[in-house]
$ cat my_file.pdb   # PDB, C-alpha atoms and all ligand atoms
ATOM      1  CA  MET I 190       4.587 -76.072 -20.063
ATOM      2  CA  GLY I 191       5.578 -73.021 -22.160
ATOM      3  CA  ARG I 192       7.099 -69.852 -20.856
ATOM      4  CA  PRO I 193       4.858 -67.949 -18.473
ATOM      5  CA  THR I 194       3.605 -64.454 -19.230
ATOM      6  CA  VAL I 195       4.394 -61.582 -16.880
ATOM      7  CA  VAL I 196       2.506 -58.315 -17.239
ATOM      8  CA  VAL I 197       4.344 -55.276 -15.897
ATOM      9  CA  THR I 198       1.772 -52.559 -15.398
ATOM     10  CA  ARG I 199       4.046 -49.485 -15.188
ATOM     11  CA  GLU I 200       7.379 -48.429 -16.634
ATOM     12  CA  VAL I 201      10.308 -50.055 -14.833
ATOM     13  CA  PHE I 202      14.080 -50.158 -15.323
ATOM     14  CA  ASP I 203      15.608 -52.031 -18.288
ATOM     15  CA  ASP I 204      17.564 -54.447 -16.102
ATOM     16  CA  VAL I 205      14.314 -55.431 -14.372
ATOM     17  CA  LEU I 206      12.669 -56.192 -17.720
ATOM     18  CA  ALA I 207      15.806 -58.069 -18.818
ATOM     19  CA  LEU I 208      15.642 -60.304 -15.747
ATOM     20  CA  LEU I 209      11.972 -61.047 -16.337
ATOM     21  CA  ARG I 210      12.619 -61.759 -20.045
ATOM     22  CA  GLU I 211      15.182 -64.434 -19.155
ATOM     23  CA  HIS I 212      12.344 -66.469 -17.699
ATOM     24  CA  ALA I 213       9.072 -65.231 -19.154
ATOM     25  CA  GLU I 214       7.270 -63.501 -21.969
ATOM     26  CA  VAL I 215       6.870 -59.927 -20.793
ATOM     27  CA  ILE I 216       4.150 -57.450 -21.635
ATOM     28  CA  ASP I 217       5.428 -54.117 -20.390
ATOM     29  CA  ASN I 218       4.074 -50.570 -20.322
ATOM     30  CA  PRO I 219       6.774 -48.292 -21.747
ATOM     31  CA  THR I 220       4.410 -45.296 -21.916
ATOM     32  CA  ASP I 221       3.863 -45.592 -18.145
ATOM     33  CA  GLU I 222       0.215 -44.546 -18.536
ATOM     34  CA  PRO I 223      -1.669 -45.831 -15.471
ATOM     35  CA  LEU I 224      -4.052 -48.542 -16.682
ATOM     36  CA  ALA I 225      -7.758 -48.007 -16.080
ATOM     37  CA  PRO I 226      -9.470 -51.059 -14.542
ATOM     38  CA  ALA I 227     -10.775 -52.353 -17.898
ATOM     39  CA  ALA I 228      -7.384 -52.007 -19.586
ATOM     40  CA  LEU I 229      -5.660 -53.653 -16.628
ATOM     41  CA  ALA I 230      -8.164 -56.537 -16.721
ATOM     42  CA  GLU I 231      -7.643 -56.940 -20.455
ATOM     43  CA  ARG I 232      -3.843 -57.179 -20.040
ATOM     44  CA  ALA I 233      -4.062 -59.376 -16.984
ATOM     45  CA  SER I 234      -6.314 -61.854 -18.813
ATOM     46  CA  ALA I 235      -3.224 -63.489 -20.359
ATOM     47  CA  ALA I 236      -0.941 -63.098 -17.360
ATOM     48  CA  ASP I 237       0.574 -65.758 -15.132
ATOM     49  CA  ALA I 238       2.013 -62.998 -12.929
ATOM     50  CA  LEU I 239       1.534 -59.276 -12.533
ATOM     51  CA  VAL I 240       4.277 -56.886 -11.503
ATOM     52  CA  CYS I 241       2.130 -53.965 -10.454
ATOM     53  CA  ALA I 242       2.136 -50.684  -8.572
ATOM     54  CA  LEU I 243       0.093 -48.912  -5.948
ATOM     55  CA  THR I 244      -1.790 -47.209  -8.789
ATOM     56  CA  ASP I 245      -3.312 -50.573  -9.767
ATOM     57  CA  ARG I 246      -6.415 -51.785  -7.954
ATOM     58  CA  ILE I 247      -6.118 -55.551  -7.574
ATOM     59  CA  ASP I 248      -9.575 -56.663  -6.513
ATOM     60  CA  ASP I 249     -11.742 -59.702  -7.052
ATOM     61  CA  ALA I 250     -13.117 -58.389 -10.356
ATOM     62  CA  LEU I 251      -9.580 -58.086 -11.704
ATOM     63  CA  LEU I 252      -8.669 -61.541 -10.446
ATOM     64  CA  ALA I 253     -11.804 -63.002 -12.040
ATOM     65  CA  ALA I 254     -10.674 -61.576 -15.374
ATOM     66  CA  ALA I 255      -7.244 -63.192 -14.998
ATOM     67  CA  PRO I 256      -7.822 -66.932 -14.648
ATOM     68  CA  ARG I 257      -4.149 -67.877 -15.183
ATOM     69  CA  LEU I 258      -2.820 -65.499 -12.577
ATOM     70  CA  ARG I 259      -0.574 -67.070  -9.940
ATOM     71  CA  ALA I 260       1.165 -64.036  -8.487
ATOM     72  CA  VAL I 261       0.717 -60.317  -7.924
ATOM     73  CA  ALA I 262       3.989 -58.583  -7.085
ATOM     74  CA  ASN I 263       3.470 -55.041  -5.856
ATOM     75  CA  ILE I 264       6.292 -52.532  -6.344
ATOM     76  CA  ALA I 265       5.650 -50.981  -2.932
ATOM     77  CA  VAL I 266       5.792 -51.935   0.682
ATOM     78  CA  GLY I 267       2.232 -50.684   1.261
ATOM     79  CA  HIS I 268      -0.330 -53.023  -0.262
ATOM     80  CA  ASN I 269      -3.695 -51.433   0.427
ATOM     81  CA  ASN I 270      -4.291 -51.483  -3.358
ATOM     82  CA  ILE I 271      -4.488 -55.294  -3.208
ATOM     83  CA  ASP I 272      -7.441 -57.262  -1.855
ATOM     84  CA  LEU I 273      -5.426 -59.930  -0.050
ATOM     85  CA  ALA I 274      -8.472 -61.970   0.929
ATOM     86  CA  ALA I 275      -9.566 -62.171  -2.703
ATOM     87  CA  CYS I 276      -6.049 -63.208  -3.747
ATOM     88  CA  THR I 277      -5.969 -65.888  -1.062
ATOM     89  CA  ALA I 278      -9.393 -67.204  -2.015
ATOM     90  CA  ARG I 279      -8.179 -67.638  -5.591
ATOM     91  CA  GLY I 280      -4.771 -69.067  -4.653
ATOM     92  CA  VAL I 281      -2.937 -66.017  -6.009
ATOM     93  CA  LEU I 282       0.280 -65.178  -4.149
ATOM     94  CA  ALA I 283       0.640 -61.493  -3.301
ATOM     95  CA  THR I 284       3.975 -59.878  -2.456
ATOM     96  CA  ASN I 285       5.376 -56.446  -1.554
ATOM     97  CA  THR I 286       8.841 -54.876  -1.282
ATOM     98  CA  PRO I 287       9.756 -54.393   2.374
ATOM     99  CA  GLY I 288      13.231 -53.507   3.562
ATOM    100  CA  VAL I 289      14.770 -52.028   0.434
ATOM    101  CA  LEU I 290      13.123 -48.632   0.828
ATOM    102  CA  ASP I 291      13.429 -48.011   4.557
ATOM    103  CA  GLU I 292      16.467 -45.732   4.607
ATOM    104  CA  THR I 293      15.468 -43.746   1.517
ATOM    105  CA  THR I 294      11.974 -43.177   2.865
ATOM    106  CA  ALA I 295      13.380 -42.145   6.240
ATOM    107  CA  ASP I 296      15.706 -39.653   4.522
ATOM    108  CA  PHE I 297      12.739 -38.078   2.800
ATOM    109  CA  ALA I 298      10.624 -37.942   5.940
ATOM    110  CA  TRP I 299      13.419 -35.803   7.373
ATOM    111  CA  ALA I 300      13.489 -33.639   4.253
ATOM    112  CA  LEU I 301       9.789 -32.942   4.815
ATOM    113  CA  LEU I 302      10.175 -32.375   8.541
ATOM    114  CA  LEU I 303      13.066 -29.962   8.124
ATOM    115  CA  GLY I 304      11.385 -28.313   5.167
ATOM    116  CA  VAL I 305       8.214 -27.451   7.033
ATOM    117  CA  ALA I 306       9.996 -26.467  10.263
ATOM    118  CA  ARG I 307      12.315 -24.062   8.463
ATOM    119  CA  ARG I 308       9.720 -22.911   5.894
ATOM    120  CA  LEU I 309      11.915 -24.004   3.024
ATOM    121  CA  THR I 310       9.380 -24.187   0.201
ATOM    122  CA  GLU I 311       7.691 -20.992   1.382
ATOM    123  CA  ALA I 312      11.100 -19.269   1.392
ATOM    124  CA  GLU I 313      11.872 -20.482  -2.095
ATOM    125  CA  ARG I 314       8.538 -19.207  -3.388
ATOM    126  CA  TYR I 315       9.273 -15.843  -1.750
ATOM    127  CA  LEU I 316      12.618 -15.612  -3.493
ATOM    128  CA  ARG I 317      11.422 -16.883  -6.897
ATOM    129  CA  GLU I 318       8.526 -14.426  -6.847
ATOM    130  CA  GLY I 319      10.973 -11.536  -6.467
ATOM    131  CA  ARG I 320       9.662 -10.552  -3.057
ATOM    132  CA  TRP I 321      13.082 -10.562  -1.334
ATOM    133  CA  THR I 322      14.214  -6.985  -0.874
ATOM    134  CA  GLY I 323      16.687  -7.457   1.951
ATOM    135  CA  TRP I 324      17.588  -9.098   5.245
ATOM    136  CA  GLN I 325      15.171  -8.769   8.145
ATOM    137  CA  LEU I 326      15.594 -10.096  11.661
ATOM    138  CA  LYS I 327      12.293 -11.964  11.686
ATOM    139  CA  GLN I 328      12.310 -12.968   8.054
ATOM    140  CA  LEU I 329      10.744 -16.380   7.479
ATOM    141  CA  ALA I 330      11.641 -17.372  11.019
ATOM    142  CA  GLY I 331      10.774 -21.012  11.590
ATOM    143  CA  ALA I 332      10.917 -23.573  14.361
ATOM    144  CA  ASP I 333      13.977 -25.360  15.699
ATOM    145  CA  VAL I 334      14.279 -29.050  15.062
ATOM    146  CA  HIS I 335      17.268 -29.760  17.288
ATOM    147  CA  GLY I 336      16.270 -30.518  20.837
ATOM    148  CA  ALA I 337      12.566 -30.779  19.964
ATOM    149  CA  THR I 338      10.257 -33.739  20.623
ATOM    150  CA  LEU I 339       9.572 -36.089  17.734
ATOM    151  CA  GLY I 340       6.495 -38.319  17.976
ATOM    152  CA  ILE I 341       6.442 -41.236  15.551
ATOM    153  CA  VAL I 342       3.109 -42.964  15.005
ATOM    154  CA  GLY I 343       3.934 -46.388  13.570
ATOM    155  CA  MET I 344       7.316 -47.733  14.591
ATOM    156  CA  GLY I 345       7.971 -50.402  11.991
ATOM    157  CA  ARG I 346      11.196 -50.609  10.000
ATOM    158  CA  ILE I 347      10.787 -47.150   8.442
ATOM    159  CA  GLY I 348       9.668 -45.528  11.692
ATOM    160  CA  GLN I 349      12.769 -46.919  13.350
ATOM    161  CA  ALA I 350      15.015 -45.638  10.547
ATOM    162  CA  ILE I 351      13.458 -42.199  11.097
ATOM    163  CA  ALA I 352      14.033 -42.461  14.855
ATOM    164  CA  ARG I 353      17.710 -43.390  14.386
ATOM    165  CA  ARG I 354      18.305 -40.117  12.557
ATOM    166  CA  ALA I 355      16.809 -38.101  15.416
ATOM    167  CA  SER I 356      19.825 -38.567  17.654
ATOM    168  CA  GLY I 357      21.871 -36.278  15.399
ATOM    169  CA  PHE I 358      19.388 -33.538  16.225
ATOM    170  CA  ARG I 359      19.450 -34.460  19.929
ATOM    171  CA  MET I 360      15.700 -34.892  19.876
ATOM    172  CA  ASN I 361      13.477 -36.491  22.439
ATOM    173  CA  VAL I 362      11.742 -39.397  20.627
ATOM    174  CA  LEU I 363       8.298 -40.741  21.532
ATOM    175  CA  TYR I 364       6.447 -43.403  19.604
ATOM    176  CA  CYS I 365       3.219 -45.285  19.568
ATOM    177  CA  ASN I 366       2.698 -48.580  17.878
ATOM    178  CA  ARG I 367       0.290 -51.508  18.091
ATOM    179  CA  THR I 368       2.964 -53.481  19.910
ATOM    180  CA  ARG I 369       5.727 -52.114  22.054
ATOM    181  CA  LEU I 370       9.276 -52.651  20.759
ATOM    182  CA  PRO I 371      11.630 -54.883  22.757
ATOM    183  CA  GLU I 372      13.473 -52.885  25.381
ATOM    184  CA  PRO I 373      16.930 -53.193  23.763
ATOM    185  CA  VAL I 374      15.498 -51.761  20.528
ATOM    186  CA  GLU I 375      13.834 -48.907  22.419
ATOM    187  CA  GLN I 376      17.128 -48.220  24.135
ATOM    188  CA  SER I 377      19.134 -48.244  20.915
ATOM    189  CA  LEU I 378      16.673 -45.747  19.419
ATOM    190  CA  ALA I 379      16.382 -43.755  22.636
ATOM    191  CA  ALA I 380      12.640 -43.872  22.000
ATOM    192  CA  ARG I 381       9.866 -43.940  24.591
ATOM    193  CA  TRP I 382       6.589 -45.781  24.049
ATOM    194  CA  VAL I 383       3.519 -43.685  24.890
ATOM    195  CA  ASP I 384      -0.172 -43.758  24.081
ATOM    196  CA  GLN I 385      -1.385 -41.815  21.089
ATOM    197  CA  ALA I 386      -3.020 -39.034  23.118
ATOM    198  CA  THR I 387       0.210 -38.377  25.029
ATOM    199  CA  LEU I 388       2.188 -38.365  21.813
ATOM    200  CA  LEU I 389      -0.188 -35.907  20.134
ATOM    201  CA  GLU I 390      -0.210 -33.605  23.153
ATOM    202  CA  THR I 391       3.560 -33.635  23.675
ATOM    203  CA  ALA I 392       5.288 -33.860  20.305
ATOM    204  CA  ASP I 393       6.590 -30.849  18.415
ATOM    205  CA  PHE I 394       6.629 -33.010  15.271
ATOM    206  CA  VAL I 395       4.041 -35.756  14.796
ATOM    207  CA  LEU I 396       5.231 -38.087  12.065
ATOM    208  CA  LEU I 397       2.922 -40.744  10.600
ATOM    209  CA  MET I 398       4.381 -43.995   9.322
ATOM    210  CA  VAL I 399       1.539 -46.502   9.729
ATOM    211  CA  PRO I 400       0.152 -48.772   7.013
ATOM    212  CA  TYR I 401      -3.274 -47.800   5.683
ATOM    213  CA  SER I 402      -6.149 -50.093   6.621
ATOM    214  CA  PRO I 403      -9.718 -49.627   7.869
ATOM    215  CA  ALA I 404      -8.159 -49.402  11.361
ATOM    216  CA  THR I 405      -5.960 -46.433  10.398
ATOM    217  CA  HIS I 406      -8.509 -44.621   8.206
ATOM    218  CA  HIS I 407      -8.637 -41.006   9.476
ATOM    219  CA  LEU I 408      -6.380 -41.922  12.379
ATOM    220  CA  ILE I 409      -5.693 -38.200  12.473
ATOM    221  CA  GLY I 410      -8.875 -36.145  12.242
ATOM    222  CA  ALA I 411     -10.260 -32.999  13.846
ATOM    223  CA  ASP I 412     -10.115 -34.394  17.406
ATOM    224  CA  GLU I 413      -6.529 -35.566  17.104
ATOM    225  CA  LEU I 414      -5.417 -32.298  15.485
ATOM    226  CA  ALA I 415      -7.082 -30.431  18.335
ATOM    227  CA  ARG I 416      -4.904 -32.362  20.787
ATOM    228  CA  MET I 417      -1.704 -31.215  19.092
ATOM    229  CA  LYS I 418       0.147 -28.152  20.334
ATOM    230  CA  PRO I 419      -0.513 -24.994  18.297
ATOM    231  CA  SER I 420       3.243 -24.883  17.697
ATOM    232  CA  ALA I 421       3.404 -28.481  16.411
ATOM    233  CA  PHE I 422       3.808 -29.863  12.900
ATOM    234  CA  LEU I 423       2.317 -32.944  11.250
ATOM    235  CA  VAL I 424       4.317 -35.013   8.726
ATOM    236  CA  ASN I 425       2.554 -37.711   6.685
ATOM    237  CA  THR I 426       4.744 -40.170   4.816
ATOM    238  CA  ALA I 427       2.304 -43.046   5.377
ATOM    239  CA  ARG I 428      -0.736 -43.095   3.095
ATOM    240  CA  GLY I 429      -3.490 -40.747   2.091
ATOM    241  CA  GLY I 430      -6.563 -41.560   4.148
ATOM    242  CA  VAL I 431      -4.588 -41.917   7.379
ATOM    243  CA  VAL I 432      -5.235 -38.188   7.745
ATOM    244  CA  ASP I 433      -8.619 -36.543   7.258
ATOM    245  CA  ASP I 434      -7.390 -33.974   4.741
ATOM    246  CA  ALA I 435     -10.413 -31.679   5.122
ATOM    247  CA  ALA I 436      -9.882 -31.538   8.895
ATOM    248  CA  LEU I 437      -6.180 -30.862   8.363
ATOM    249  CA  ILE I 438      -6.904 -27.999   5.977
ATOM    250  CA  ALA I 439      -9.236 -26.452   8.554
ATOM    251  CA  ALA I 440      -6.588 -26.799  11.273
ATOM    252  CA  LEU I 441      -3.845 -25.316   9.099
ATOM    253  CA  ALA I 442      -6.001 -22.438   7.904
ATOM    254  CA  ALA I 443      -6.981 -21.559  11.474
ATOM    255  CA  ARG I 444      -3.358 -22.056  12.634
ATOM    256  CA  ARG I 445      -4.570 -24.585  15.189
ATOM    257  CA  ILE I 446      -1.318 -26.352  14.349
ATOM    258  CA  ALA I 447       1.803 -24.668  12.982
ATOM    259  CA  GLY I 448       2.183 -26.607   9.761
ATOM    260  CA  ALA I 449       2.194 -29.877   7.884
ATOM    261  CA  ALA I 450       4.324 -31.701   5.360
ATOM    262  CA  LEU I 451       2.592 -34.253   3.184
ATOM    263  CA  ASP I 452       3.832 -36.790   0.681
ATOM    264  CA  VAL I 453       0.491 -38.584   0.398
ATOM    265  CA  PHE I 454      -3.118 -37.488  -0.059
ATOM    266  CA  GLU I 455      -6.635 -38.838   0.092
ATOM    267  CA  GLY I 456      -7.661 -39.806  -3.436
ATOM    268  CA  GLU I 457      -4.237 -39.099  -4.942
ATOM    269  CA  PRO I 458      -3.150 -38.151  -7.548
ATOM    270  CA  ALA I 459      -6.129 -35.850  -7.068
ATOM    271  CA  PHE I 460      -5.849 -33.862  -3.865
ATOM    272  CA  ASP I 461      -7.735 -31.111  -2.123
ATOM    273  CA  ARG I 462      -6.654 -27.961  -3.975
ATOM    274  CA  ARG I 463      -7.181 -25.867  -0.836
ATOM    275  CA  PHE I 464      -3.753 -27.097   0.299
ATOM    276  CA  LEU I 465      -2.296 -24.890  -2.438
ATOM    277  CA  ASP I 466      -3.611 -21.750  -0.758
ATOM    278  CA  LEU I 467      -1.810 -22.481   2.492
ATOM    279  CA  ASP I 468       1.738 -21.307   3.140
ATOM    280  CA  ASN I 469       2.252 -23.509   6.175
ATOM    281  CA  VAL I 470       2.229 -26.774   4.272
ATOM    282  CA  VAL I 471       4.962 -28.531   2.300
ATOM    283  CA  LEU I 472       3.627 -30.795  -0.447
ATOM    284  CA  SER I 473       5.250 -33.567  -2.467
ATOM    285  CA  PRO I 474       3.784 -36.136  -4.890
ATOM    286  CA  HIS I 475       4.286 -39.498  -3.120
ATOM    287  CA  ILE I 476       8.036 -39.687  -3.727
ATOM    288  CA  ALA I 477       9.425 -40.644  -0.316
ATOM    289  CA  SER I 478      11.015 -43.850  -1.642
ATOM    290  CA  SER I 479      12.087 -42.258  -4.895
ATOM    291  CA  SER I 480      15.832 -42.406  -5.166
ATOM    292  CA  VAL I 481      17.032 -44.051  -8.365
ATOM    293  CA  ALA I 482      18.759 -46.852  -6.477
ATOM    294  CA  THR I 483      15.767 -47.577  -4.258
ATOM    295  CA  ARG I 484      13.119 -47.481  -6.954
ATOM    296  CA  ARG I 485      15.297 -49.866  -8.990
ATOM    297  CA  ALA I 486      15.721 -52.151  -5.962
ATOM    298  CA  MET I 487      11.952 -52.131  -5.363
ATOM    299  CA  ALA I 488      11.160 -53.070  -8.973
ATOM    300  CA  MET I 489      13.876 -55.729  -8.962
ATOM    301  CA  LEU I 490      12.542 -57.236  -5.743
ATOM    302  CA  ALA I 491       9.012 -57.313  -7.172
ATOM    303  CA  ALA I 492      10.337 -59.085 -10.283
ATOM    304  CA  ARG I 493      12.178 -61.642  -8.126
ATOM    305  CA  ASN I 494       9.041 -62.238  -6.086
ATOM    306  CA  ALA I 495       7.015 -62.844  -9.258
ATOM    307  CA  LEU I 496       9.619 -65.203 -10.729
ATOM    308  CA  ALA I 497       9.907 -67.186  -7.499
ATOM    309  CA  ALA I 498       6.135 -67.671  -7.456
ATOM    310  CA  LEU I 499       6.163 -68.800 -11.082
ATOM    311  CA  ARG I 500       8.877 -71.362 -10.299
ATOM    312  CA  GLY I 501       6.588 -72.793  -7.626
ATOM    313  CA  GLU I 502       8.745 -71.435  -4.793
ATOM    314  CA  THR I 503       7.567 -69.384  -1.841
ATOM    315  CA  PRO I 504       8.401 -65.785  -2.786
ATOM    316  CA  PRO I 505      10.615 -63.955  -0.295
ATOM    317  CA  ASN I 506       8.011 -61.302   0.505
ATOM    318  CA  LEU I 507       4.818 -63.312   0.516
ATOM    319  CA  LEU I 508       1.901 -61.452   2.123
ATOM    320  CA  ASN I 509      -0.678 -64.239   2.090
ATOM    321  CA  PRO I 510       0.903 -67.590   2.983
ATOM    322  CA  ALA I 511      -2.613 -69.071   3.208
ATOM    323  CA  ALA I 512      -2.767 -68.822  -0.591
ATOM    324  CA  LEU I 513      -0.122 -71.562  -0.807
ATOM    325  CA  GLN I 514      -2.752 -74.000   0.439
ATOM    326  CA  GLY I 515      -4.972 -73.343  -2.541
ATOM    327  CA  ARG I 516      -2.239 -74.252  -5.070
TER     328      ARG I 516
HETATM  329  C1  LIG O 601       5.174 -46.416  -1.098
HETATM  330  O1  LIG O 601       4.351 -45.668  -0.704
HETATM  331  C2  LIG O 601       5.260 -47.785  -0.712
HETATM  332  O2  LIG O 601       4.334 -48.273  -0.055
HETATM  333  O3  LIG O 601       6.236 -48.446  -1.087
END
$ encode --input "my_file.pdb" --output "structure tokens"
Amino acid sequence: MGRPTVVVTREVFDDVLALLREHAEVIDNPTDEPLAPAALAERASAADALVCALTDRIDDALLAAAPRLRAVANIAVGHNNIDLAACTARGVLATNTPGVLDETTADFAWALLLGVARRLTEAERYLREGRWTGWQLKQLAGADVHGATLGIVGMGRIGQAIARRASGFRMNVLYCNRTRLPEPVEQSLAARWVDQATLLETADFVLLMVPYSPATHHLIGADELARMKPSAFLVNTARGGVVDDAALIAALAARRIAGAALDVFEGEPAFDRRFLDLDNVVLSPHIASSSVATRRAMAMLAARNALAALRGETPPNLLNPAALQGR
């Protein structure tokens, strides 16, 4: 059998391409233009493996256009862009990149939380626009983070990394999760398991870190926002679609909650432009895992997953073990 072909759908680091080229013919995307479905299908038609990103929709139509495909290696921990059932049905192994981005993503969740509490981006706009004429007692006064109550919705690896950082701020940590953490883990995080309603009603900062799925679609909508304290803030580092953005805009505009910090949006990279008119929201373009070291580690892990699958091994981060049966 000749060398396999790996299609890399977005720009990655040179050492990642070099590793892939040791073992495969590589079709890369140095321009980094996101590929429209037809262009992606055209490239994938020759591929034995895809190293892809959350901007690529991997559905049955794509798989049908790629008869040689044996593996889809997502450069992300979230994998809602991949139809796992379709991959399994066609014996295509799908993988993600858990673990390597936890700490970096947790760091950024804190950047957002602190930013919105202390009105950082609003303050910078104020200064850049030349509106600062002098010190005032109440100027841009925000909310304290230390000693406040942090409510984490979704206490997986990243949620736990976020919780660990809360002790430095002497915060009270609540969480809700499908399954309760073992008691020793709860104790080490000083985190208390509560139901979602209690968390929403009690937390000063509600931080979302759940995977996106039909079960978490609009997990936070008008009713949930109405449960939050008027002084509370919402932070979304999970996925667009977990929050009903229109409901959030209404709540922010009416000051039914104090503010929000968002790294992800429904329909991104498009997003509801009404967010731009609100001062009480901090916005970033889906960069929570974006440190150089972590993005490199994610791409490298995806490449290793793809190569393992091509060697006939079980990739380290296999999402659909049932697909092994179809091989
Ligand atoms: C980023 O959002 C990821 O899922 O890795």
$ atom_distance --input "my_file.pdb" --atom1 "CA of Phe460 in chain I" --atom2 "CA of Val431 in chain I"
13.9 Å
$ resolve_selection --input "my_file.pdb" --expression "the PyMOL selection byres (((not hetatm)) within 6 of (chain O and resi 601))" --output "list in words"
Ala265, Val266 and Gly267 of chain I
$ resolve_selection --input "my_file.pdb" --expression "the PyMOL selection byres (((chain I and resi 280) around 8) and not hetatm)" --output "PyMOL selection string"
chain I and resi 259+276-279+281-282+512-516
$ closest_atom_pairs --input "my_file.pdb" --of "range 293-349 of chain I" --to "range 371-382 of chain I" --cutoff "12 Å" --atoms "all atoms listed in the file" --output "tab-separated table"
residue	atom	partner	partner_atom	distance
I:Thr338	CA	I:Ala380	CA	10.5
I:Leu339	CA	I:Ala380	CA	9.4
I:Gly340	CA	I:Ala380	CA	9.2
I:Ile341	CA	I:Ala380	CA	9.3
I:Val342	CA	I:Trp382	CA	10.1
I:Gly343	CA	I:Trp382	CA	10.8
I:Met344	CA	I:Trp382	CA	9.7
I:Gly345	CA	I:Val374	CA	11.5
I:Arg346	CA	I:Val374	CA	11.4
I:Gly348	CA	I:Leu378	CA	10.4
I:Gln349	CA	I:Leu378	CA	7.3
$ write_last_selection --input "my_file.pdb" --atoms "C-alpha atoms" --output "PDB file, in the frame of the given file"
ATOM      1  CA  THR I 338      10.257 -33.739  20.623  1.00  0.00           C
ATOM      2  CA  LEU I 339       9.572 -36.089  17.734  1.00  0.00           C
ATOM      3  CA  GLY I 340       6.495 -38.319  17.976  1.00  0.00           C
ATOM      4  CA  ILE I 341       6.442 -41.236  15.551  1.00  0.00           C
ATOM      5  CA  VAL I 342       3.109 -42.964  15.005  1.00  0.00           C
ATOM      6  CA  GLY I 343       3.934 -46.388  13.570  1.00  0.00           C
ATOM      7  CA  MET I 344       7.316 -47.733  14.591  1.00  0.00           C
ATOM      8  CA  GLY I 345       7.971 -50.402  11.991  1.00  0.00           C
ATOM      9  CA  ARG I 346      11.196 -50.609  10.000  1.00  0.00           C
ATOM     10  CA  GLY I 348       9.668 -45.528  11.692  1.00  0.00           C
ATOM     11  CA  GLN I 349      12.769 -46.919  13.350  1.00  0.00           C
TER      12      GLN I 349
END
$ residues_near_point --input "my_file.pdb" --point "(2.2, -49.1, -10.1)" --cutoff "6 Å" --atoms "only C-alpha atoms" --output "VMD selection string"
chain I and resid 199 241 to 245
$ closest_residue --input "my_file.pdb" --among "I:Arg416, I:Arg367, I:Arg484, I:Arg353" --to "Glu200 in chain I" --atoms "only C-alpha atoms"
I:Arg484
$ resolve_selection --input "my_file.pdb" --expression "the PyMOL selection byres (((chain I and resi 203-207) around 10) and not hetatm)" --output "ChimeraX atom specification"
/I:195,197,200-202,208-213,215-217,485-493
